[in-house]
Amino acid sequence: MTTTDFIYSRLKSISLNFPGVCIRYDYQSDRKRHLIEVSPSFVFHNDIDYMKAESDLESEFESLFPQDEI
């Protein structure tokens with residue numbers, strides 16, 4: 001599984017579990033950096049369930065792909 005496959009899969013799951021959330025994803029290959037934008041910002045900063053899902057995604061990503069940045 002590639003880094004982008006992993007992220008797409010997890011973001012799709014998050015999107016289904018949080019239908020009011022808009023998620024945008026970009027990959028900067030020259031820096032091996034994955035950027036994820038979430039809106040509305042209220043969910044990003046205040047929804048405990050969303051924050052846990054995001055934290056789980058980041059932790060798993062970092063353990064599987066330590067050479068990349070998310």
# chains A, B, ... in the order shown; residues from 1 in each chain; ligands from 1
>>> residues_around(residues="Ile14 of chain A", least_positions_apart="3", cutoff="8 Å", atoms="only C-alpha atoms", output="list in words")
Arg10, Leu11, Asn17, Phe18, Tyr50 and Ala53 of chain A
>>> residues_around(residues="Thr2 of chain A", least_positions_apart="5", cutoff="10 Å", atoms="only C-alpha atoms", output="VMD selection string")
chain A and resid 7 to 8 65
>>> write_last_selection(atoms="N, CA and C atoms", output="PDB file, in the first residue's frame")
ATOM      1  N   ILE A   7      -3.756   7.096   2.942  1.00  0.00           N
ATOM      2  CA  ILE A   7      -4.447   8.324   3.339  1.00  0.00           C
ATOM      3  C   ILE A   7      -5.835   8.411   2.712  1.00  0.00           C
ATOM      4  N   TYR A   8      -5.956   8.114   1.418  1.00  0.00           N
ATOM      5  CA  TYR A   8      -7.280   8.139   0.767  1.00  0.00           C
ATOM      6  C   TYR A   8      -8.256   7.211   1.477  1.00  0.00           C
ATOM      7  N   PHE A  65       4.839   4.845   7.799  1.00  0.00           N
ATOM      8  CA  PHE A  65       5.608   5.608   6.810  1.00  0.00           C
ATOM      9  C   PHE A  65       6.463   6.685   7.494  1.00  0.00           C
TER      10      PHE A  65
END
>>> closest_atom_pairs(of="segment 46-69 of chain A", to="segment 21-32 of chain A", cutoff="8 Å", atoms="only C-alpha atoms", output="JSON lines")
{"residue": "A:Gln67", "atom": "CA", "partner": "A:Lys32", "partner_atom": "CA", "distance": 7.6}
{"residue": "A:Asp68", "atom": "CA", "partner": "A:Lys32", "partner_atom": "CA", "distance": 5.1}
{"residue": "A:Glu69", "atom": "CA", "partner": "A:Lys32", "partner_atom": "CA", "distance": 6.2}
>>> select_by_dssp(residues="chain A", states="alpha helix (DSSP H)", output="PyMOL selection string")
chain A and resi 3-17+41-46+48-64
>>> residues_around(residues="Ser55 of chain A", least_positions_apart="4", cutoff="12 Å", atoms="only C-alpha atoms", output="list in words")
Arg10, Ile14, Phe44, Ile48, Asp49, Tyr50, Met51, Ser59, Glu60, Phe61, Glu62 and Ile70 of chain A
>>> write_last_selection(atoms="N, CA, C and O atoms", output="mmCIF file, in the first residue's frame")
data_model
loop_
_atom_site.group_PDB
_atom_site.id
_atom_site.type_symbol
_atom_site.label_atom_id
_atom_site.label_comp_id
_atom_site.auth_asym_id
_atom_site.auth_seq_id
_atom_site.Cartn_x
_atom_site.Cartn_y
_atom_site.Cartn_z
ATOM 1 N N ARG A 10 -8.206 6.149 4.637
ATOM 2 C CA ARG A 10 -8.571 6.662 5.963
ATOM 3 C C ARG A 10 -9.434 7.915 5.866
ATOM 4 O O ARG A 10 -10.375 8.085 6.632
ATOM 5 N N ILE A 14 -13.167 8.635 7.399
ATOM 6 C CA ILE A 14 -13.474 9.813 8.224
ATOM 7 C C ILE A 14 -14.614 10.605 7.598
ATOM 8 O O ILE A 14 -15.540 11.031 8.287
ATOM 9 N N PHE A 44 -12.639 20.584 13.369
ATOM 10 C CA PHE A 44 -11.213 20.326 13.517
ATOM 11 C C PHE A 44 -10.722 20.647 14.932
ATOM 12 O O PHE A 44 -9.882 19.948 15.484
ATOM 13 N N ILE A 48 -14.548 16.125 19.609
ATOM 14 C CA ILE A 48 -13.673 15.130 20.242
ATOM 15 C C ILE A 48 -13.574 13.860 19.404
ATOM 16 O O ILE A 48 -12.480 13.304 19.243
ATOM 17 N N ASP A 49 -14.683 13.398 18.854
ATOM 18 C CA ASP A 49 -14.661 12.181 18.038
ATOM 19 C C ASP A 49 -13.822 12.376 16.777
ATOM 20 O O ASP A 49 -13.048 11.500 16.393
ATOM 21 N N TYR A 50 -13.973 13.532 16.154
ATOM 22 C CA TYR A 50 -13.158 13.818 14.971
ATOM 23 C C TYR A 50 -11.678 13.889 15.352
ATOM 24 O O TYR A 50 -10.823 13.336 14.660
ATOM 25 N N MET A 51 -11.377 14.571 16.432
ATOM 26 C CA MET A 51 -9.988 14.726 16.858
ATOM 27 C C MET A 51 -9.341 13.367 17.139
ATOM 28 O O MET A 51 -8.175 13.149 16.809
ATOM 29 N N SER A 59 -1.108 8.765 13.895
ATOM 30 C CA SER A 59 -0.260 7.790 14.589
ATOM 31 C C SER A 59 0.039 6.581 13.717
ATOM 32 O O SER A 59 1.191 6.133 13.622
ATOM 33 N N GLU A 60 -0.996 6.052 13.082
ATOM 34 C CA GLU A 60 -0.799 4.890 12.220
ATOM 35 C C GLU A 60 0.079 5.243 11.017
ATOM 36 O O GLU A 60 0.975 4.485 10.645
ATOM 37 N N PHE A 61 -0.181 6.392 10.419
ATOM 38 C CA PHE A 61 0.617 6.831 9.271
ATOM 39 C C PHE A 61 2.091 6.951 9.662
ATOM 40 O O PHE A 61 2.968 6.467 8.949
ATOM 41 N N GLU A 62 2.361 7.611 10.766
ATOM 42 C CA GLU A 62 3.746 7.831 11.186
ATOM 43 C C GLU A 62 4.471 6.522 11.504
ATOM 44 O O GLU A 62 5.674 6.410 11.262
ATOM 45 N N ILE A 70 3.114 14.098 7.623
ATOM 46 C CA ILE A 70 1.688 14.354 7.449
ATOM 47 C C ILE A 70 1.279 15.525 8.310
ATOM 48 O O ILE A 70 1.839 15.767 9.341
#
>>> select_by_dssp(residues="chain A", states="strand (DSSP E)", output="ChimeraX atom specification")
/A:22-28,33-39
>>> write_last_selection(atoms="N, CA, C and O atoms", output="mmCIF file, in the first residue's frame")
data_model
loop_
_atom_site.group_PDB
_atom_site.id
_atom_site.type_symbol
_atom_site.label_atom_id
_atom_site.label_comp_id
_atom_site.auth_asym_id
_atom_site.auth_seq_id
_atom_site.Cartn_x
_atom_site.Cartn_y
_atom_site.Cartn_z
ATOM 1 N N CYS A 22 -15.693 18.748 5.237
ATOM 2 C CA CYS A 22 -15.087 18.799 3.904
ATOM 3 C C CYS A 22 -13.585 18.582 4.087
ATOM 4 O O CYS A 22 -12.941 19.256 4.894
ATOM 5 N N ILE A 23 -13.037 17.619 3.354
ATOM 6 C CA ILE A 23 -11.624 17.286 3.480
ATOM 7 C C ILE A 23 -10.940 17.458 2.129
ATOM 8 O O ILE A 23 -11.422 16.941 1.125
ATOM 9 N N ARG A 24 -9.831 18.196 2.137
ATOM 10 C CA ARG A 24 -9.018 18.352 0.926
ATOM 11 C C ARG A 24 -7.637 17.792 1.219
ATOM 12 O O ARG A 24 -7.111 17.966 2.318
ATOM 13 N N TYR A 25 -7.067 17.124 0.217
ATOM 14 C CA TYR A 25 -5.777 16.462 0.388
ATOM 15 C C TYR A 25 -4.830 16.848 -0.746
ATOM 16 O O TYR A 25 -5.242 16.950 -1.895
ATOM 17 N N ASP A 26 -3.571 17.074 -0.394
ATOM 18 C CA ASP A 26 -2.545 17.371 -1.387
ATOM 19 C C ASP A 26 -1.256 16.685 -0.954
ATOM 20 O O ASP A 26 -0.995 16.510 0.239
ATOM 21 N N TYR A 27 -0.469 16.262 -1.945
ATOM 22 C CA TYR A 27 0.810 15.622 -1.674
ATOM 23 C C TYR A 27 1.924 16.401 -2.355
ATOM 24 O O TYR A 27 1.862 16.652 -3.561
ATOM 25 N N GLN A 28 2.932 16.794 -1.581
ATOM 26 C CA GLN A 28 4.102 17.487 -2.111
ATOM 27 C C GLN A 28 5.229 16.457 -2.215
ATOM 28 O O GLN A 28 5.894 16.148 -1.218
ATOM 29 N N ARG A 33 5.570 15.299 1.738
ATOM 30 C CA ARG A 33 4.683 15.922 2.718
ATOM 31 C C ARG A 33 3.246 15.779 2.251
ATOM 32 O O ARG A 33 2.901 16.125 1.120
ATOM 33 N N HIS A 34 2.404 15.302 3.141
ATOM 34 C CA HIS A 34 0.979 15.123 2.877
ATOM 35 C C HIS A 34 0.227 16.200 3.651
ATOM 36 O O HIS A 34 0.364 16.308 4.863
ATOM 37 N N LEU A 35 -0.557 16.980 2.927
ATOM 38 C CA LEU A 35 -1.310 18.076 3.540
ATOM 39 C C LEU A 35 -2.791 17.753 3.506
ATOM 40 O O LEU A 35 -3.329 17.360 2.462
ATOM 41 N N ILE A 36 -3.435 17.935 4.640
ATOM 42 C CA ILE A 36 -4.866 17.667 4.751
ATOM 43 C C ILE A 36 -5.531 18.901 5.343
ATOM 44 O O ILE A 36 -5.127 19.383 6.404
ATOM 45 N N GLU A 37 -6.534 19.395 4.628
ATOM 46 C CA GLU A 37 -7.293 20.556 5.098
ATOM 47 C C GLU A 37 -8.695 20.090 5.458
ATOM 48 O O GLU A 37 -9.350 19.392 4.673
ATOM 49 N N VAL A 38 -9.149 20.494 6.634
ATOM 50 C CA VAL A 38 -10.466 20.088 7.122
ATOM 51 C C VAL A 38 -11.288 21.340 7.411
ATOM 52 O O VAL A 38 -10.796 22.282 8.032
ATOM 53 N N SER A 39 -12.515 21.335 6.949
ATOM 54 C CA SER A 39 -13.425 22.430 7.276
ATOM 55 C C SER A 39 -14.814 21.845 7.527
ATOM 56 O O SER A 39 -15.125 20.777 7.023
#
>>> atom_distance(atom1="atom CA of Ser13 of chain A", atom2="atom CA of Lys52 of chain A")
13.2 Å
>>> atom_distance(atom1="atom CA of Glu54 of chain A", atom2="atom CA of Ser9 of chain A")
12.9 Å
